[in-house]
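Scroll down for the structure; my scribbles are underneath it.
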Amino acid sequence: MKVVIAEKPSVAREIAVLLGATEKKEGYIIGNGYCVTWAFGHLVGLGMPEDYGISGFQKTSLPILPNPFLLTVRKIKKGKIYLADIGALKQLKIIEQVTSRCDSIIVATDAGREGELIFRYIYEFLNCQKPFQRLWISSLTEKAIREGFDNLKLGAEFDGLYNAAQGRSRADWLVGINASQALSIAAGNGIYSLGRVQTPTLALICRRYQENKNFSIQTYWQVQLDHQKGYSNFKSLSKYKWENKKLAEDTLKSIQRNPIATVTFIESKTVTEQPPLLFDLTGLQKEANKKLNFSAEETLSIAQNLYEKKFITYPRTGSKYIPEDLWQEIPNLLKALEHHSSFKDAVSKVKWGRLNNRIVNNLKVTDHHGLFITDKIPSALSAKENAIYEMIALRLLESVSQACSKEITNVILQVLHHDFTMKGRKVIEPGWRAIRGNFSDDNEDTIQDLPELQNNDELKIKNVVILEKKTKAPVLYTEAGLLSAMENIGKEIENIEERKALQNIGIGTPATRAAIIETLFKRDYIRRDKKSLVPTEKGMQVYELVKDKKIADATMTAEWELALHKIESNEADATTFQKEMENYATSITQELLALSIVSEIIPDLTCPKCKKQHLLIRDNIVKCPDELCNWIQFRNICSIKLNVPDLECLIRNGKTSLIKGMKSKSGKKFDAYIVMNERAETSFEFEKTKKRNNEQ
């Protein structure tokens with residue numbers, strides 16, 4: 001009997017049907033010589049410090065460098081302690097029982113770094129010795145699964161992938177555990193979380209936030225002219241930018257007295273725009289954030305659902321290309337879209353005899369090829385699923401279309417002694433741009449349709465206006481912008497040689513970047529301000545502490561990603577990498593423990609409910625240590641965090657100062673006092689009406 005181990009029950013059921021395994025048992029499905037079972041994601045992980053006999057945060061225990069690393073069953077938090085997940089224990093026992101009775105194992109976890117780690121950790125934890133093969137597929141369609149089982153690969157072929165996954169897992173442990181404990185000990189108040197990728201990402205957000213806030217905005221003025229020639233109306237803009245409004249107004253008056261512009265320069269050039277490549281996961285997340293305002297995590301979740309429903313290929317891909325043998329399947333996928341009403345018009349614009357094979361590149365296909373649809377066309381999807389599916393389908397249509405050819409014309413006009421510019425565009429061959437009917441990008445300079453013009457032509461000026469403009473600060477990161485920065489961190493490196501070496505390396509991987517961003521939200525390090533990501537007070541506090549330390553160095557993190565890629569391709573040694581990470585963890589631990597942190601003065605406050613106990617003031621809550629009293633006050637109220645002086649006023653005097661900028665559930669801002677009654681219950685009191693709202 002062969003045991004098939006899938007990553008989750010839904011995938012296991014699909015595989016079982018195709019293998020003819022139909023008898024359902026608790027935790028597995030059996031039949032036709034196969035037993036199909038499953039994990040629930042990571043059933044096994046690296047042990048925590050407690051598993052090595054280290055409890056609490058102890059300066060003398062740092063750095064913690066496990067040798068060997070211990071594997072434990074997944075744990076969940078119960079109160080203040082972590083206990084083994086009963087569901088994980090139960091499923092592991094089932095996997096142990098069925099593998100003990102089998103001849104060999106087929107690994108059917110997701111075909112990527114994390115999927116490999118999920119199986120190998122289970123295999124190692126159970127001390128299993130059975131031989132195993134690998135099912136490596138990029139789609140869950142029946143055809144893909146059958147072809148995968150017909151071409152099973154030797155498990156040893158993926159040892160490099162496992163070594164990289166294990167190296168990443170251990171590196172994150174070494175850096176995260178040691179750095180977090182070291183900073184928490186140095187701070188002396190509260191728990192701080194640092195991480196190998198998490199902290200450089202936080203540093204990116206905080207640095208951009210400071211650049212934005214510290215930017216000195218300058219006001220300037222430009223003159224805009226309205227022209228007409230024949231039936232064409234168009235505008236030109238002064239090249240000069242006046243810092244003095246009166247001088248700009250004087251220029252306007254001079255032009256009004258002599259409203260004629262002369263063409264002094266015309267240059268036309270043909271621009272060819274190649275079609276975009278297929279989406280990889282990061283590309284899809286960026287596009288969904290820009291166009292749909294979806295978070296990276298939400299996009300990944302939706303894409304994973306579409307994958308499991310067999311509508312798209314494997315979403316956690318880092319490639320935008322396909323191998324040569326897949327090219328022959330593309331025409332059938334395009335024709336299948338013809339039967340979907342949403343794509344009929346777009347498909348009709350594809351030049352069937354001239355499909356563009358730019359996406360074909362064997363050398364640039366990593367673990368998985370670029371993301372595209374399958375031949376299973378959906379008939380009913382949720383609104384969000386449909387939006388992501390359309391995005392992927394339209395990108396496929398664009399990627400196989402011809403290049404777009406445009407003629408771009410730059411014109412300079414002279415009025416009196418001032419130069420004015422304008423830009424025109426004429427589409428020669430629409431190509432891939434015809435799929436959506438959009439012929440310019442969002443960030444492209446203003447382009448307009450211009451009439452035929454020649455040098456020395458005189459154009460009448462219909463109207464003159466002054467435009468007030470301001471210099472623009474560096475824009476705050478959106479999730480799309482942050483994903484780009486994480487993906488292209490090598491571009492920020494000043495050293496030319498280092499920049500070349502890391503030009504295609506980012507921090508994190510396409511599969512993990514969304515989780516990193518979500519971790520920053522969960523840690524209360526960042527928040528959303530409309531579409532922008534901004535640091536919280538806590539996030540800025542952490543950044544100020546570590547911004548000059550190795551833990552915040554994105555370049556170093558990118559170098560580790562490069563090392564992991566080399567381990568995956570068997571070009572580098574995993575043991576050497578781990579030793580480097582141990583040395584690094586030791587170094588940052590010493591750096592952080594040496595920090596001199598001026599702690600916030602915490603007042604000694606008595607519980608307003610029981611009147612006996614001294615309150616525990618933590619980062620997010622204030623609470624009574626007596627479990628019978630159990631009084632608690634959350635510090636985050638309607639998007640505003642209560643500072644220590646306001647907490648002291650509330651508990652000692654029953655009322656805070658006026659708290660400004662709080663947000664209601666509907667998103668409306670309001671100002672109010674927080675007040676406390678004799679039962680130690682808090683509510684709002686408004687400045688004008690003095691009327692209390694419902695209790696929080």
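By convention in this document, the chains of the structure tokens carry letters A, B, ... by their order, each chain's residues are numbered from 1, and ligands are numbered from 1 in the order they are shown.
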
Can you pull out the residues contacting Ile217 in chain A? Cut-off 9 Å, using only C-alpha atoms, and skip same-chain residues under 3 positions away; I want them as an MDAnalysis selection string. chainID A and resid 470:473

Counting only C-alpha atoms, which residues of range 321-379 of chain A fall within 12 Å of range 283-302 of chain A, and what is the closest atom pair for each with its distance in Å at one decimal, ordered by chain and rising number, as JSON lines?
{"residue": "A:Gly370", "atom": "CA", "partner": "A:Gly283", "partner_atom": "CA", "distance": 10.3}
{"residue": "A:Leu371", "atom": "CA", "partner": "A:Leu284", "partner_atom": "CA", "distance": 8.8}
{"residue": "A:Phe372", "atom": "CA", "partner": "A:Leu284", "partner_atom": "CA", "distance": 10.7}

Convert the current residue selection to file output with N, CA, C and O atoms, as a PDB file, in the first residue's frame.
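Resulting contents of selection.pdb:
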ATOM      1  N   GLY A 370       4.476  30.898 -14.161  1.00  0.00           N
ATOM      2  CA  GLY A 370       3.637  32.064 -13.909  1.00  0.00           C
ATOM      3  C   GLY A 370       2.183  31.668 -13.680  1.00  0.00           C
ATOM      4  O   GLY A 370       1.737  30.583 -14.040  1.00  0.00           O
ATOM      5  N   LEU A 371       1.448  32.583 -13.100  1.00  0.00           N
ATOM      6  CA  LEU A 371       0.066  32.333 -12.696  1.00  0.00           C
ATOM      7  C   LEU A 371      -0.888  32.575 -13.859  1.00  0.00           C
ATOM      8  O   LEU A 371      -0.865  33.624 -14.487  1.00  0.00           O
ATOM      9  N   PHE A 372      -1.731  31.582 -14.166  1.00  0.00           N
ATOM     10  CA  PHE A 372      -2.771  31.793 -15.176  1.00  0.00           C
ATOM     11  C   PHE A 372      -3.957  30.873 -14.893  1.00  0.00           C
ATOM     12  O   PHE A 372      -3.958  30.099 -13.929  1.00  0.00           O
TER      13      PHE A 372
END

Would you pick out the contacts of Gln402 in chain A at 10 Å or less, using only C-alpha atoms, so that residues sharing its chain but fewer than 5 positions from it are not included, and give the list as a PDB file with C-alpha atoms, in the first residue's frame?
ATOM      1  CA  GLU A 273       5.470  48.678 -25.373  1.00  0.00           C
ATOM      2  CA  GLN A 274       5.896  44.949 -24.897  1.00  0.00           C
ATOM      3  CA  PRO A 275       2.960  43.187 -23.226  1.00  0.00           C
ATOM      4  CA  VAL A 350      -6.465  38.477 -29.745  1.00  0.00           C
ATOM      5  CA  LYS A 351      -4.547  37.934 -33.024  1.00  0.00           C
ATOM      6  CA  ARG A 354       0.328  35.969 -34.136  1.00  0.00           C
ATOM      7  CA  LEU A 355       0.315  34.927 -30.467  1.00  0.00           C
ATOM      8  CA  ASN A 356       3.226  36.460 -28.601  1.00  0.00           C
ATOM      9  CA  ASN A 357       5.381  33.798 -26.898  1.00  0.00           C
ATOM     10  CA  ARG A 358       7.357  36.260 -24.777  1.00  0.00           C
ATOM     11  CA  GLU A 429      -0.924  49.395 -33.332  1.00  0.00           C
ATOM     12  CA  PRO A 430      -3.055  48.855 -30.194  1.00  0.00           C
ATOM     13  CA  GLY A 431      -1.676  45.373 -29.490  1.00  0.00           C
ATOM     14  CA  TRP A 432      -2.109  44.218 -25.886  1.00  0.00           C
ATOM     15  CA  ARG A 433      -3.498  47.594 -24.820  1.00  0.00           C
ATOM     16  CA  ALA A 434      -6.675  46.792 -26.768  1.00  0.00           C
TER      17      ALA A 434
END

Kindly assemble as a tab-separated table a list of the range 82-106 of chain A residues that lie within 8 Å of range 120-136 of chain A, each paired with its nearest atom pair and their distance in Å to one decimal, using only C-alpha atoms, sorted first by chain and then by ascending residue number.
residue	atom	partner	partner_atom	distance
A:Leu92	CA	A:Ile122	CA	7.8
A:Glu96	CA	A:Leu126	CA	6.6
A:Thr99	CA	A:Lys130	CA	7.7
A:Cys102	CA	A:Lys130	CA	8.0
A:Asp103	CA	A:Lys130	CA	6.9
A:Ser104	CA	A:Pro131	CA	5.2
A:Ile105	CA	A:Phe132	CA	4.4
A:Ile106	CA	A:Gln133	CA	4.9

Could you please take those selected residues and save C-alpha atoms as a PDB file, in the first residue's frame?
ATOM      1  CA  LEU A  92      -0.204  13.003  13.633  1.00  0.00           C
ATOM      2  CA  GLU A  96       1.988   7.557  12.083  1.00  0.00           C
ATOM      3  CA  THR A  99       2.680   5.145   7.337  1.00  0.00           C
ATOM      4  CA  CYS A 102       2.653   1.232   4.049  1.00  0.00           C
ATOM      5  CA  ASP A 103       5.391   0.278   1.589  1.00  0.00           C
ATOM      6  CA  SER A 104       6.133   3.836   0.493  1.00  0.00           C
ATOM      7  CA  ILE A 105       4.928   7.437   0.726  1.00  0.00           C
ATOM      8  CA  ILE A 106       3.867   9.938  -1.950  1.00  0.00           C
TER       9      ILE A 106
END

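Non-sequential neighbours of Arg618 in chain A (distance at most 10 Å, separation of 4 or more positions within a chain, only C-alpha atoms) are A:Asn189, A:Gly190, A:Ile191, A:Ile602, A:Val622, A:Lys623, A:Phe634, A:Arg635.
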
Next, dump the selected residues to file, keeping only all heavy atoms, as a PDB file, in the first residue's frame.
ATOM      1  N   ASN A 189      10.076  46.878  30.068  1.00  0.00           N
ATOM      2  CA  ASN A 189       8.623  47.037  30.224  1.00  0.00           C
ATOM      3  C   ASN A 189       7.927  46.627  28.945  1.00  0.00           C
ATOM      4  O   ASN A 189       8.121  47.237  27.900  1.00  0.00           O
ATOM      5  CB  ASN A 189       8.276  48.499  30.539  1.00  0.00           C
ATOM      6  CG  ASN A 189       6.775  48.713  30.661  1.00  0.00           C
ATOM      7  OD1 ASN A 189       6.077  47.919  31.273  1.00  0.00           O
ATOM      8  ND2 ASN A 189       6.286  49.774  30.055  1.00  0.00           N
ATOM      9  N   GLY A 190       7.142  45.567  28.996  1.00  0.00           N
ATOM     10  CA  GLY A 190       6.400  45.119  27.828  1.00  0.00           C
ATOM     11  C   GLY A 190       7.182  44.104  27.016  1.00  0.00           C
ATOM     12  O   GLY A 190       8.369  43.873  27.231  1.00  0.00           O
ATOM     13  N   ILE A 191       6.478  43.500  26.068  1.00  0.00           N
ATOM     14  CA  ILE A 191       7.059  42.481  25.201  1.00  0.00           C
ATOM     15  C   ILE A 191       7.223  43.067  23.805  1.00  0.00           C
ATOM     16  O   ILE A 191       6.274  43.619  23.240  1.00  0.00           O
ATOM     17  CB  ILE A 191       6.159  41.225  25.128  1.00  0.00           C
ATOM     18  CG1 ILE A 191       5.880  40.700  26.536  1.00  0.00           C
ATOM     19  CG2 ILE A 191       6.820  40.154  24.273  1.00  0.00           C
ATOM     20  CD1 ILE A 191       7.097  40.254  27.297  1.00  0.00           C
ATOM     21  N   ILE A 602       6.336  54.903  34.987  1.00  0.00           N
ATOM     22  CA  ILE A 602       5.022  54.288  35.172  1.00  0.00           C
ATOM     23  C   ILE A 602       4.533  54.601  36.579  1.00  0.00           C
ATOM     24  O   ILE A 602       5.190  54.239  37.573  1.00  0.00           O
ATOM     25  CB  ILE A 602       5.092  52.756  34.962  1.00  0.00           C
ATOM     26  CG1 ILE A 602       5.664  52.427  33.583  1.00  0.00           C
ATOM     27  CG2 ILE A 602       3.729  52.122  35.160  1.00  0.00           C
ATOM     28  CD1 ILE A 602       4.826  52.902  32.431  1.00  0.00           C
ATOM     29  N   VAL A 622      -4.431  47.811  30.779  1.00  0.00           N
ATOM     30  CA  VAL A 622      -4.162  48.052  32.192  1.00  0.00           C
ATOM     31  C   VAL A 622      -5.092  47.107  32.932  1.00  0.00           C
ATOM     32  O   VAL A 622      -6.294  47.048  32.633  1.00  0.00           O
ATOM     33  CB  VAL A 622      -4.465  49.516  32.589  1.00  0.00           C
ATOM     34  CG1 VAL A 622      -4.161  49.747  34.057  1.00  0.00           C
ATOM     35  CG2 VAL A 622      -3.672  50.474  31.719  1.00  0.00           C
ATOM     36  N   LYS A 623      -4.551  46.336  33.893  1.00  0.00           N
ATOM     37  CA  LYS A 623      -5.431  45.359  34.543  1.00  0.00           C
ATOM     38  C   LYS A 623      -5.041  45.152  35.995  1.00  0.00           C
ATOM     39  O   LYS A 623      -3.918  45.425  36.421  1.00  0.00           O
ATOM     40  CB  LYS A 623      -5.404  44.037  33.799  1.00  0.00           C
ATOM     41  CG  LYS A 623      -4.096  43.285  33.863  1.00  0.00           C
ATOM     42  CD  LYS A 623      -4.250  41.922  33.183  1.00  0.00           C
ATOM     43  CE  LYS A 623      -2.981  41.100  33.335  1.00  0.00           C
ATOM     44  NZ  LYS A 623      -3.133  39.743  32.752  1.00  0.00           N
ATOM     45  N   PHE A 634      -8.721  48.505  28.279  1.00  0.00           N
ATOM     46  CA  PHE A 634      -7.920  48.495  27.052  1.00  0.00           C
ATOM     47  C   PHE A 634      -7.437  49.913  26.760  1.00  0.00           C
ATOM     48  O   PHE A 634      -8.190  50.890  26.898  1.00  0.00           O
ATOM     49  CB  PHE A 634      -8.734  47.948  25.876  1.00  0.00           C
ATOM     50  CG  PHE A 634      -9.022  46.478  25.984  1.00  0.00           C
ATOM     51  CD1 PHE A 634     -10.241  46.030  26.481  1.00  0.00           C
ATOM     52  CD2 PHE A 634      -8.063  45.547  25.632  1.00  0.00           C
ATOM     53  CE1 PHE A 634     -10.500  44.677  26.608  1.00  0.00           C
ATOM     54  CE2 PHE A 634      -8.313  44.190  25.744  1.00  0.00           C
ATOM     55  CZ  PHE A 634      -9.532  43.745  26.238  1.00  0.00           C
ATOM     56  N   ARG A 635      -6.179  50.027  26.321  1.00  0.00           N
ATOM     57  CA  ARG A 635      -5.608  51.348  26.052  1.00  0.00           C
ATOM     58  C   ARG A 635      -5.967  51.863  24.661  1.00  0.00           C
ATOM     59  O   ARG A 635      -5.966  53.076  24.432  1.00  0.00           O
ATOM     60  CB  ARG A 635      -4.086  51.300  26.219  1.00  0.00           C
ATOM     61  CG  ARG A 635      -3.664  51.056  27.661  1.00  0.00           C
ATOM     62  CD  ARG A 635      -2.162  51.072  27.824  1.00  0.00           C
ATOM     63  NE  ARG A 635      -1.586  52.385  27.545  1.00  0.00           N
ATOM     64  CZ  ARG A 635      -0.296  52.679  27.700  1.00  0.00           C
ATOM     65  NH1 ARG A 635       0.543  51.738  28.138  1.00  0.00           N
ATOM     66  NH2 ARG A 635       0.164  53.886  27.426  1.00  0.00           N
TER      67      ARG A 635
END

Quiz item: Which parts of range 77-164 of chain A does DSSP call strand (DSSP E) when run on the backbone here, written out as a VMD selection string?
Solution: chain A and resid 77 to 78 81 to 84 104 to 108 132 to 134 153 to 154

- Item | Selection: 12 Å around Glu26 in chain A, only C-alpha atoms, excl. self and same-chain fewer than 6 positions, as a ChimeraX atom specification | /A:9,35-38,90-91,93-95,97-98

Exercise for review: Write out as JSON, numbers by chain the residues lying within 9 Å of Tyr192 in chain A, counting only C-alpha atoms and excluding same-chain residues fewer than 2 positions away.
Suggested key: {"A": [179, 180, 181, 182, 183, 184, 187, 190, 194, 523, 542]}

For the residues in the current selection, export N, CA and C atoms as an mmCIF file, in the first residue's frame.
data_model
loop_
_atom_site.group_PDB
_atom_site.id
_atom_site.type_symbol
_atom_site.label_atom_id
_atom_site.label_comp_id
_atom_site.auth_asym_id
_atom_site.auth_seq_id
_atom_site.Cartn_x
_atom_site.Cartn_y
_atom_site.Cartn_z
ATOM 1 N N ALA A 179 16.395 38.127 19.390
ATOM 2 C CA ALA A 179 16.250 39.585 19.286
ATOM 3 C C ALA A 179 15.049 40.076 20.085
ATOM 4 N N SER A 180 13.940 39.363 20.015
ATOM 5 C CA SER A 180 12.733 39.779 20.745
ATOM 6 C C SER A 180 12.979 39.762 22.248
ATOM 7 N N GLN A 181 13.600 38.687 22.739
ATOM 8 C CA GLN A 181 13.862 38.614 24.175
ATOM 9 C C GLN A 181 14.881 39.668 24.605
ATOM 10 N N ALA A 182 15.907 39.876 23.801
ATOM 11 C CA ALA A 182 16.946 40.849 24.156
ATOM 12 C C ALA A 182 16.376 42.259 24.256
ATOM 13 N N LEU A 183 15.562 42.661 23.277
ATOM 14 C CA LEU A 183 14.993 44.006 23.312
ATOM 15 C C LEU A 183 14.003 44.147 24.468
ATOM 16 N N SER A 184 13.212 43.111 24.713
ATOM 17 C CA SER A 184 12.246 43.159 25.818
ATOM 18 C C SER A 184 12.963 43.301 27.155
ATOM 19 N N ALA A 187 14.417 46.877 27.346
ATOM 20 C CA ALA A 187 13.374 47.887 27.547
ATOM 21 C C ALA A 187 12.828 47.836 28.968
ATOM 22 N N GLY A 190 7.142 45.567 28.996
ATOM 23 C CA GLY A 190 6.400 45.119 27.828
ATOM 24 C C GLY A 190 7.182 44.104 27.016
ATOM 25 N N LEU A 194 10.736 41.165 17.380
ATOM 26 C CA LEU A 194 11.599 41.482 16.253
ATOM 27 C C LEU A 194 11.730 40.239 15.391
ATOM 28 N N ARG A 523 1.120 42.874 15.630
ATOM 29 C CA ARG A 523 2.001 43.364 16.701
ATOM 30 C C ARG A 523 1.680 44.804 17.087
ATOM 31 N N VAL A 542 9.863 51.064 18.444
ATOM 32 C CA VAL A 542 10.739 49.939 18.112
ATOM 33 C C VAL A 542 11.757 50.360 17.048
#

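The interatomic distance for the pair CA of Lys469 in chain A and CA of Ile447 in chain A works out to 19.0 Å.
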
Subject >> Who sits within 10 Å of Thr589 in chain A, only C-alpha atoms, same chain under 3 positions skipped, as a PyMOL selection string >> reply: chain A and resi 59+62-64+175+177-183+551+583-586+592-594

Discussion item. As a VMD selection string, please: every residue in range 496-549 of chain A that DSSP puts in alpha helix (DSSP H).
Written reply: chain A and resid 496 to 501 513 to 522 537 to 546
